[in-house]
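> Please read through the structure below; I'll follow up with questions.
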Amino acid sequence: MESPYNILKNGIRKNILDVVYNLFNIKLNKNELLTTIDFSKGYGDFSSSIAFKLSKIVNSNPHEIAIKIINELEQKSKTPHIKEVKEQAGFINFYIDREWFVRSLLTYIFKNEKNKIVKTGKNKKVIIEYPSANPVHPIHVGQLRNALLGDILSNIYSACGYIVERQDYIDDLGLQMVEALWGYINLEPKIVDKFDHALGKIYVDVNEYMKTHDIKGELSELSKLIETEGTAEEAIRKEVATRCVKAQYETLFNYKIFHNVMIWESDIIKNQLLKHSLELLKEKGLIKNITEGEYEGCTVIEFKNLKDIPKELEGLKNDAKVLIRSNGSATYVAKDIAFHMWKFGILKNNFKYKKFFDEQPNGEPLYTSYPDGIEMNFGNASKVINIIDFRQNYPQLILKAALGEINKKAAKNIIHLSYGVVELEGKKLAGRQGTWIGNTADDLLKEAEEKAYALIKEKFKQSEEEKRILAKEVALSAIKFEFAKVSPEKNILFSWKWALSFEGNSGPYCQYMNARANRLLEDSHENIEIKDIKNINISLITNNLEFELAKILSIQKEIIEKCSNELRPNLITDYIINLATIFSKFYETTPILKAENKDEKIARLALTKAFTLTMSRMLNLLGINALRKM
């Protein structure tokens, strides 16, 4: 079933296309025309600004063009469910059959209560990689943004019908891992904290130690040993990284963030994906073994050999990127190229897997790559989304350009969602400097729960146990909404004042409005279902305020679709805030339970239920519990 919003918009588009062609012999772009048609904020119910676009083409003013189009529409192209069309200030304004619109909307929302309303991704697989935090310290609030973006986009793509593979990449061979391991082995630390916190402090101590001690040679040797099968150092690396990852997942689970599979960097080496990817690059003449100069002994990819080189890589002082260092170790970029060849099914050497967790709190297992495991159907996606902060733009460009030489279709379907940093009280967080200490995702949630409880204990009348449970849900809502409402490319300055506000523009406010609406439904003792809609007197709920609520309810599908196309969760938060604000006006000014008669009450309750169904769906996309009671 199509939404009434789409039925009207597409009907108007088709008729305008026909009329413009008949009048001016102009074929308009269908998608471009759609951008000129939407709900009116001043005139009519729908309006179109197409006359302004045409004025430059046909050398006439918008007023005259609009009048001609309206006259032609009235004579030849009646649009279904449109009662009247008028011109004002150059806009073509459509006055619709409100009763048809609201009844169709209620039927659409009730019928699709538990169904996907967007199906653009049907039978397509997308891999979304997040948060890929190095297993050397706890997840700090900067990495939390990565995890939350990944979780929200996974929810949105799933809502659009995609087969979503939620993937976590564990870099257990990088320099940070080597430094943390050196400290774990040599500094004789005492592990008294949660393991990721303890290891993070070791990592900070090592970087402080290196300011006065030269251990480069030891780190280089350790880097080789942890990659050498059967060494004691390899065994320690496995143990330490696994313990850290398990501790990090305690944090992710507290935020209700889950995955399908983890891929370990060390398994990319063991499974020979790196070897095979280098062979493919060599066949294409893209890489070169250097025998002298700055890169002596290294294998590099030279930018001049890339046909579709990004503008950002042109004219750089360093016109090559090292893939294999002179000591034989692979760089992050080299392993990432191999990893993405596997993600798209270019390399068929599948990993093997075992369960890392038999059951996550969502009831699903979490699998991990494992050399002696079993084969499973992971990877081989049609689209890949990498959520990596803006500081990794350069290696992501190299990845995309290199992959484009092997498979252009795959390269076009790699999306790097770059995001800005998170600041708490003006601090920028870094693992080496230890500025994350006291500012971890664990610390943030603990503080949020304490602040939420302080607000709730006086405001609501539940039992002590219920208040504690409610405080946790409100805390999660506050954090997730505050992170999501800022467009990804912008930096975040986290504010408790706004995050935990029950007054507006926050997750708790939207939860509160949803709970108020549910309370209305419960107090009414009316159970309105889809079968009842045909008997509801819709003419009783078509005044301007009620119709404004119906209009915003009708565009939820378009918001979800736009968010999946643009990778901007803030479109969801903007929509939710508008929805909550309009419902609040409706709630405060319109008698619902005290309506003049039962028919009026039932009609308004139906609109209220449509609000709760929509609000719940949209909050759930953000990973927020909508809450029926507060």
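Here's how to read the names in the structure tokens: chain A, B, ... by the order shown, residue numbers from 1 in each chain, ligand numbers from 1 in the order shown.
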As an MDAnalysis selection string, please: every residue in segment 329-438 of chain A that a backbone DSSP assignment puts in alpha helix (DSSP H).
chainID A and resid 332:343 393:406 408:412
> Go ahead and save the picked residues with C-alpha atoms, as a compact mmCIF listing (two decimals), in the first residue's frame.

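Once written, part_16.txt looks like this:
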# COMPACT_ATOMS: atom_id res chain seq x y z
CA TYR A 332 46.94 -0.47 7.52
CA VAL A 333 46.07 0.64 3.97
CA ALA A 334 47.42 -2.61 2.46
CA LYS A 335 45.31 -4.75 4.78
CA ASP A 336 42.29 -2.52 4.24
CA ILE A 337 42.50 -2.94 0.46
CA ALA A 338 42.60 -6.74 0.92
CA PHE A 339 39.74 -6.58 3.42
CA HIS A 340 37.53 -4.66 0.98
CA MET A 341 38.29 -7.02 -1.87
CA TRP A 342 36.86 -9.70 0.42
CA LYS A 343 33.89 -7.54 1.46
CA ASN A 393 39.91 10.65 4.69
CA TYR A 394 43.31 10.24 2.99
CA PRO A 395 43.68 6.43 3.37
CA GLN A 396 40.02 5.99 2.44
CA LEU A 397 40.64 7.86 -0.83
CA ILE A 398 43.58 5.57 -1.59
CA LEU A 399 41.46 2.52 -0.81
CA LYS A 400 38.69 3.66 -3.15
CA ALA A 401 41.09 4.58 -5.97
CA ALA A 402 43.03 1.29 -5.73
CA LEU A 403 39.88 -0.80 -5.64
CA GLY A 404 38.55 1.10 -8.65
CA GLU A 405 41.40 -0.30 -10.75
CA ILE A 406 40.29 -3.83 -9.85
CA LYS A 408 34.87 -0.09 -10.69
CA LYS A 409 31.43 -1.16 -9.49
CA ALA A 410 32.78 -2.06 -6.07
CA ALA A 411 34.68 1.25 -5.79
CA LYS A 412 31.48 3.19 -6.57
> Neighbouring residues of segment 149-162 of chain A were defined as those with any atom within 8 Å, considering only C-alpha atoms; residues of the same chain fewer than 6 positions away were excluded. Please report them as a list in words.
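Counting only C-alpha atoms, the residues come to Lys116, Ile117, Val118, Lys119, Thr120, Gly121, Lys122, Asn123, Lys124, Lys125, Val126, Ile128, Glu129, Tyr130, Pro131, Ile257, Phe258, Ile387, Ala484, Ile560, Glu561, Cys563, Ser564, Leu567, Pro569, Leu621, Leu622 and Gly623 of chain A.
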> For those residues, write C-alpha atoms to a file as an mmCIF file, in the first residue's frame.

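Produced file again_18.cif, reproduced below:
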data_model
loop_
_atom_site.group_PDB
_atom_site.id
_atom_site.type_symbol
_atom_site.label_atom_id
_atom_site.label_comp_id
_atom_site.auth_asym_id
_atom_site.auth_seq_id
_atom_site.Cartn_x
_atom_site.Cartn_y
_atom_site.Cartn_z
ATOM 1 C CA LYS A 116 8.909 -2.301 6.604
ATOM 2 C CA ILE A 117 7.497 0.765 4.869
ATOM 3 C CA VAL A 118 10.538 1.313 2.635
ATOM 4 C CA LYS A 119 11.682 -1.462 0.293
ATOM 5 C CA THR A 120 14.419 0.168 -1.783
ATOM 6 C CA GLY A 121 17.048 -2.298 -0.528
ATOM 7 C CA LYS A 122 15.127 -5.513 -1.086
ATOM 8 C CA ASN A 123 17.517 -8.460 -1.659
ATOM 9 C CA LYS A 124 20.580 -6.146 -1.522
ATOM 10 C CA LYS A 125 23.307 -6.702 1.054
ATOM 11 C CA VAL A 126 25.125 -3.859 2.778
ATOM 12 C CA ILE A 128 28.304 -1.466 7.756
ATOM 13 C CA GLU A 129 31.599 -1.397 9.657
ATOM 14 C CA TYR A 130 31.704 0.173 13.132
ATOM 15 C CA PRO A 131 33.188 1.124 15.583
ATOM 16 C CA ILE A 257 24.765 -1.940 20.267
ATOM 17 C CA PHE A 258 25.236 -5.350 18.667
ATOM 18 C CA ILE A 387 32.200 4.849 9.510
ATOM 19 C CA ALA A 484 22.461 11.804 16.393
ATOM 20 C CA ILE A 560 13.726 7.191 6.325
ATOM 21 C CA GLU A 561 14.527 6.894 2.621
ATOM 22 C CA CYS A 563 18.307 9.367 5.613
ATOM 23 C CA SER A 564 19.502 6.116 4.005
ATOM 24 C CA LEU A 567 23.629 8.973 5.635
ATOM 25 C CA PRO A 569 20.678 10.419 11.135
ATOM 26 C CA LEU A 621 15.621 3.581 14.447
ATOM 27 C CA LEU A 622 17.834 5.642 16.766
ATOM 28 C CA GLY A 623 18.147 2.693 19.140
#
> Within 6 Å of segment 219-228 of chain A, counting only C-alpha atoms, which residues show up once you throw out same-chain ones fewer than 4 positions away? Write them as a list of chain:residue names, please.
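Neighbouring residues, sequence-local ones excluded: A:Val178, A:Glu233, A:Glu234.
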> Only N, CA and C atoms, please: the residues just picked out, written as a PDB file, in the first residue's frame.

ATOM      1  N   VAL A 178      50.998  -3.002  19.409  1.00  0.00           N
ATOM      2  CA  VAL A 178      52.383  -3.338  19.736  1.00  0.00           C
ATOM      3  C   VAL A 178      52.829  -2.564  20.977  1.00  0.00           C
ATOM      4  N   GLU A 233      54.791 -14.441  22.039  1.00  0.00           N
ATOM      5  CA  GLU A 233      54.252 -13.087  21.849  1.00  0.00           C
ATOM      6  C   GLU A 233      52.928 -13.120  21.097  1.00  0.00           C
ATOM      7  N   GLU A 234      52.801 -14.032  20.119  1.00  0.00           N
ATOM      8  CA  GLU A 234      51.531 -14.162  19.402  1.00  0.00           C
ATOM      9  C   GLU A 234      50.432 -14.595  20.367  1.00  0.00           C
TER      10      GLU A 234
END
> Hey, could you make a per-residue contact list for segment 91-184 of chain A against segment 589-613 of chain A with 12 Å as the cut-off, showing the nearest pair of atoms and its distance in Å to one decimal, counting only C-alpha atoms, sorted by chain and number, as CSV?

residue,atom,partner,partner_atom,distance
A:Glu99,CA,A:Ala603,CA,11.5
A:Val102,CA,A:Leu607,CA,8.7
A:Arg103,CA,A:Leu607,CA,9.8
A:Ser104,CA,A:Ala610,CA,11.8
A:Leu105,CA,A:Ala610,CA,8.7
A:Leu106,CA,A:Ala610,CA,6.5
A:Thr107,CA,A:Ala610,CA,9.4
A:Tyr108,CA,A:Ala610,CA,9.5
A:Ile109,CA,A:Ala610,CA,6.3
A:Phe110,CA,A:Ala610,CA,7.0
A:Lys111,CA,A:Ala610,CA,10.6
A:Asn112,CA,A:Leu613,CA,9.4
A:Glu113,CA,A:Leu613,CA,6.6
A:Lys114,CA,A:Leu613,CA,9.3
A:Asn115,CA,A:Leu613,CA,11.6
> Excluding Asn305 of chain A and any residue of its chain fewer than 6 positions from it, enumerate the residues within 9 Å of it, using only C-alpha atoms, and give them as a VMD selection string.
chain A and resid 285 to 287
> Per DSSP on the backbone, filter segment 117-364 of chain A down to the residues in strand (DSSP E or B) and report them as a ChimeraX atom specification.
/A:125-129,140,163-170,261-264,287-289,299-302,320-324,330,353-357
> For the selection you just gave me, I'd like the residues written to a file as an mmCIF file, in the first residue's frame, keeping C-alpha atoms.

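again.cif was written with the following content:
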data_model
loop_
_atom_site.group_PDB
_atom_site.id
_atom_site.type_symbol
_atom_site.label_atom_id
_atom_site.label_comp_id
_atom_site.auth_asym_id
_atom_site.auth_seq_id
_atom_site.Cartn_x
_atom_site.Cartn_y
_atom_site.Cartn_z
ATOM 1 C CA LYS A 125 23.307 -6.702 1.054
ATOM 2 C CA VAL A 126 25.125 -3.859 2.778
ATOM 3 C CA ILE A 127 28.073 -4.212 5.147
ATOM 4 C CA ILE A 128 28.304 -1.466 7.756
ATOM 5 C CA GLU A 129 31.599 -1.397 9.657
ATOM 6 C CA HIS A 140 35.860 6.847 24.606
ATOM 7 C CA ILE A 163 20.210 -7.392 4.316
ATOM 8 C CA VAL A 164 22.477 -5.650 6.824
ATOM 9 C CA GLU A 165 25.747 -7.166 8.029
ATOM 10 C CA ARG A 166 26.917 -5.328 11.137
ATOM 11 C CA GLN A 167 30.672 -5.751 11.120
ATOM 12 C CA ASP A 168 33.425 -4.865 13.577
ATOM 13 C CA TYR A 169 37.068 -4.802 12.432
ATOM 14 C CA ILE A 170 39.631 -5.558 15.145
ATOM 15 C CA VAL A 261 30.561 -10.616 12.982
ATOM 16 C CA MET A 262 34.042 -9.450 13.980
ATOM 17 C CA ILE A 263 36.959 -9.721 11.539
ATOM 18 C CA TRP A 264 40.453 -9.714 13.045
ATOM 19 C CA ILE A 287 52.389 -1.520 -7.133
ATOM 20 C CA LYS A 288 56.141 -1.473 -7.287
ATOM 21 C CA ASN A 289 59.049 -2.817 -5.214
ATOM 22 C CA THR A 299 56.316 -2.062 -1.800
ATOM 23 C CA VAL A 300 54.339 1.034 -2.754
ATOM 24 C CA ILE A 301 51.289 2.007 -4.750
ATOM 25 C CA GLU A 302 52.118 4.940 -7.033
ATOM 26 C CA ALA A 320 53.022 7.071 -3.380
ATOM 27 C CA LYS A 321 51.726 5.106 -0.400
ATOM 28 C CA VAL A 322 53.685 2.334 1.285
ATOM 29 C CA LEU A 323 51.814 -0.965 1.414
ATOM 30 C CA ILE A 324 54.617 -3.229 2.669
ATOM 31 C CA ALA A 330 52.009 -4.526 6.021
ATOM 32 C CA TYR A 353 34.250 -18.487 12.015
ATOM 33 C CA LYS A 354 33.258 -19.485 15.517
ATOM 34 C CA LYS A 355 30.987 -17.889 18.097
ATOM 35 C CA PHE A 356 32.634 -15.142 20.143
ATOM 36 C CA PHE A 357 29.491 -14.739 22.244
#
> Need the shell around Lys68 of chain A: protein/DNA/RNA residues with any atom at most 10 Å away, counting only C-alpha atoms. Skip same-chain ones fewer than 3 positions apart. Format as a list in words?
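Returned residues: Val19, Val20, Leu23, Ala51, Pro62, His63, Glu64, Ile65, Asn71, Glu72, Leu73 and Glu87 of chain A.
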> Could you write out the selected residues, including N, CA, C and O atoms, as a compact mmCIF listing (two decimals), in the first residue's frame?

# COMPACT_ATOMS: atom_id res chain seq x y z
N VAL A 19 1.16 18.49 -18.70
CA VAL A 19 0.69 19.83 -19.03
C VAL A 19 1.82 20.71 -19.55
O VAL A 19 1.66 21.44 -20.54
N VAL A 20 2.96 20.66 -18.91
CA VAL A 20 4.12 21.48 -19.33
C VAL A 20 4.56 21.08 -20.74
O VAL A 20 4.93 21.92 -21.56
N LEU A 23 1.90 22.49 -23.17
CA LEU A 23 1.90 23.94 -23.27
C LEU A 23 3.18 24.51 -23.89
O LEU A 23 3.14 25.43 -24.72
N ALA A 51 6.64 26.97 -11.72
CA ALA A 51 6.55 28.16 -12.58
C ALA A 51 7.80 29.02 -12.49
O ALA A 51 8.18 29.68 -13.47
N PRO A 62 6.45 34.04 -13.48
CA PRO A 62 5.87 32.86 -12.83
C PRO A 62 4.35 32.91 -12.68
O PRO A 62 3.68 31.88 -12.81
N HIS A 63 3.81 34.11 -12.44
CA HIS A 63 2.36 34.27 -12.27
C HIS A 63 1.62 33.81 -13.53
O HIS A 63 0.67 33.00 -13.46
N GLU A 64 2.05 34.27 -14.68
CA GLU A 64 1.38 33.91 -15.95
C GLU A 64 1.53 32.43 -16.26
O GLU A 64 0.60 31.78 -16.73
N ILE A 65 2.73 31.90 -16.01
CA ILE A 65 2.97 30.47 -16.27
C ILE A 65 2.08 29.62 -15.38
O ILE A 65 1.47 28.64 -15.82
N ASN A 71 -5.04 26.35 -15.64
CA ASN A 71 -6.15 26.26 -16.61
C ASN A 71 -6.09 24.95 -17.38
O ASN A 71 -7.12 24.31 -17.62
N GLU A 72 -4.89 24.55 -17.77
CA GLU A 72 -4.74 23.30 -18.52
C GLU A 72 -5.04 22.09 -17.62
O GLU A 72 -5.66 21.12 -18.06
N LEU A 73 -4.62 22.17 -16.36
CA LEU A 73 -4.90 21.08 -15.42
C LEU A 73 -6.40 20.90 -15.23
O LEU A 73 -6.91 19.77 -15.20
N GLU A 87 -3.68 29.76 -7.97
CA GLU A 87 -2.37 30.41 -8.09
C GLU A 87 -2.26 31.51 -7.05
O GLU A 87 -3.22 32.24 -6.78
> May I have the residues within 8 Å of segment 184-198 of chain A as a list in words, using only C-alpha atoms and disregarding those fewer than 5 positions away in the same chain?
Pro135, Val136, His137, Pro138, Arg243, Cys244, Val245, Ala247 and Gln248 of chain A
> Atoms to include: N, CA, C and O atoms. Write the selected residues as a PDB file, in the first residue's frame.

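Writing the result to part35.pdb gives the following:
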ATOM      1  N   PRO A 135      41.924  -2.417  20.079  1.00  0.00           N
ATOM      2  CA  PRO A 135      41.754  -3.136  21.346  1.00  0.00           C
ATOM      3  C   PRO A 135      42.879  -2.826  22.331  1.00  0.00           C
ATOM      4  O   PRO A 135      43.583  -3.723  22.808  1.00  0.00           O
ATOM      5  N   VAL A 136      43.078  -1.533  22.608  1.00  0.00           N
ATOM      6  CA  VAL A 136      44.147  -1.118  23.517  1.00  0.00           C
ATOM      7  C   VAL A 136      43.656  -0.169  24.610  1.00  0.00           C
ATOM      8  O   VAL A 136      44.430   0.221  25.479  1.00  0.00           O
ATOM      9  N   HIS A 137      42.392   0.214  24.548  1.00  0.00           N
ATOM     10  CA  HIS A 137      41.846   1.096  25.579  1.00  0.00           C
ATOM     11  C   HIS A 137      40.322   1.039  25.508  1.00  0.00           C
ATOM     12  O   HIS A 137      39.752   0.502  24.545  1.00  0.00           O
ATOM     13  N   PRO A 138      39.625   1.592  26.495  1.00  0.00           N
ATOM     14  CA  PRO A 138      38.160   1.570  26.456  1.00  0.00           C
ATOM     15  C   PRO A 138      37.618   2.461  25.348  1.00  0.00           C
ATOM     16  O   PRO A 138      38.326   3.316  24.807  1.00  0.00           O
ATOM     17  N   ARG A 243      40.695 -10.186  25.592  1.00  0.00           N
ATOM     18  CA  ARG A 243      40.180  -9.679  26.862  1.00  0.00           C
ATOM     19  C   ARG A 243      39.715  -8.227  26.722  1.00  0.00           C
ATOM     20  O   ARG A 243      38.682  -7.834  27.276  1.00  0.00           O
ATOM     21  N   CYS A 244      40.475  -7.438  25.957  1.00  0.00           N
ATOM     22  CA  CYS A 244      40.102  -6.031  25.768  1.00  0.00           C
ATOM     23  C   CYS A 244      38.815  -5.909  24.973  1.00  0.00           C
ATOM     24  O   CYS A 244      37.925  -5.118  25.313  1.00  0.00           O
ATOM     25  N   VAL A 245      38.694  -6.703  23.895  1.00  0.00           N
ATOM     26  CA  VAL A 245      37.490  -6.655  23.063  1.00  0.00           C
ATOM     27  C   VAL A 245      36.259  -7.069  23.872  1.00  0.00           C
ATOM     28  O   VAL A 245      35.188  -6.458  23.763  1.00  0.00           O
ATOM     29  N   ALA A 247      35.823  -6.690  27.032  1.00  0.00           N
ATOM     30  CA  ALA A 247      35.506  -5.573  27.921  1.00  0.00           C
ATOM     31  C   ALA A 247      34.826  -4.433  27.149  1.00  0.00           C
ATOM     32  O   ALA A 247      33.883  -3.808  27.650  1.00  0.00           O
ATOM     33  N   GLN A 248      35.311  -4.168  25.929  1.00  0.00           N
ATOM     34  CA  GLN A 248      34.684  -3.134  25.105  1.00  0.00           C
ATOM     35  C   GLN A 248      33.241  -3.499  24.776  1.00  0.00           C
ATOM     36  O   GLN A 248      32.370  -2.622  24.715  1.00  0.00           O
TER      37      GLN A 248
END
> Can you tell me how far atom CA of Ile12 of chain A sits from atom CA of Gln88 of chain A, in Å to one decimal?
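Computing it gives 17.2 Å between the two atoms.
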> Near Met630 of chain A, counting only C-alpha atoms, which residues have an atom at most 12 Å away, once you skip same-chain residues fewer than 3 positions from it, shown as number ranges by chain?
A: 456-457, 459-463, 466-471, 473-474, 502, 508-519, 625-627
> Please, what distance in Å, to one decimal, runs between atom CA of Leu366 of chain A and atom CA of Leu199 of chain A?
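Taking atom CA of Leu366 of chain A as the start and atom CA of Leu199 of chain A as the end point, the length is 23.2 Å.
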> Report the distance between atom CA of Asp443 of chain A and atom CA of Glu465 of chain A in Å, rounded to one decimal place.
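Separating atom CA of Asp443 of chain A from atom CA of Glu465 of chain A is a distance of 21.8 Å.
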> For each of A:Ile69, A:Ile215, A:Ala475, A:Ala241, take the minimum atom-to-atom distance to Asn134 of chain A, counting only C-alpha atoms, then give the residue where this is smallest.
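For Asn134 of chain A, the nearest of the given residues is A:Ala241.
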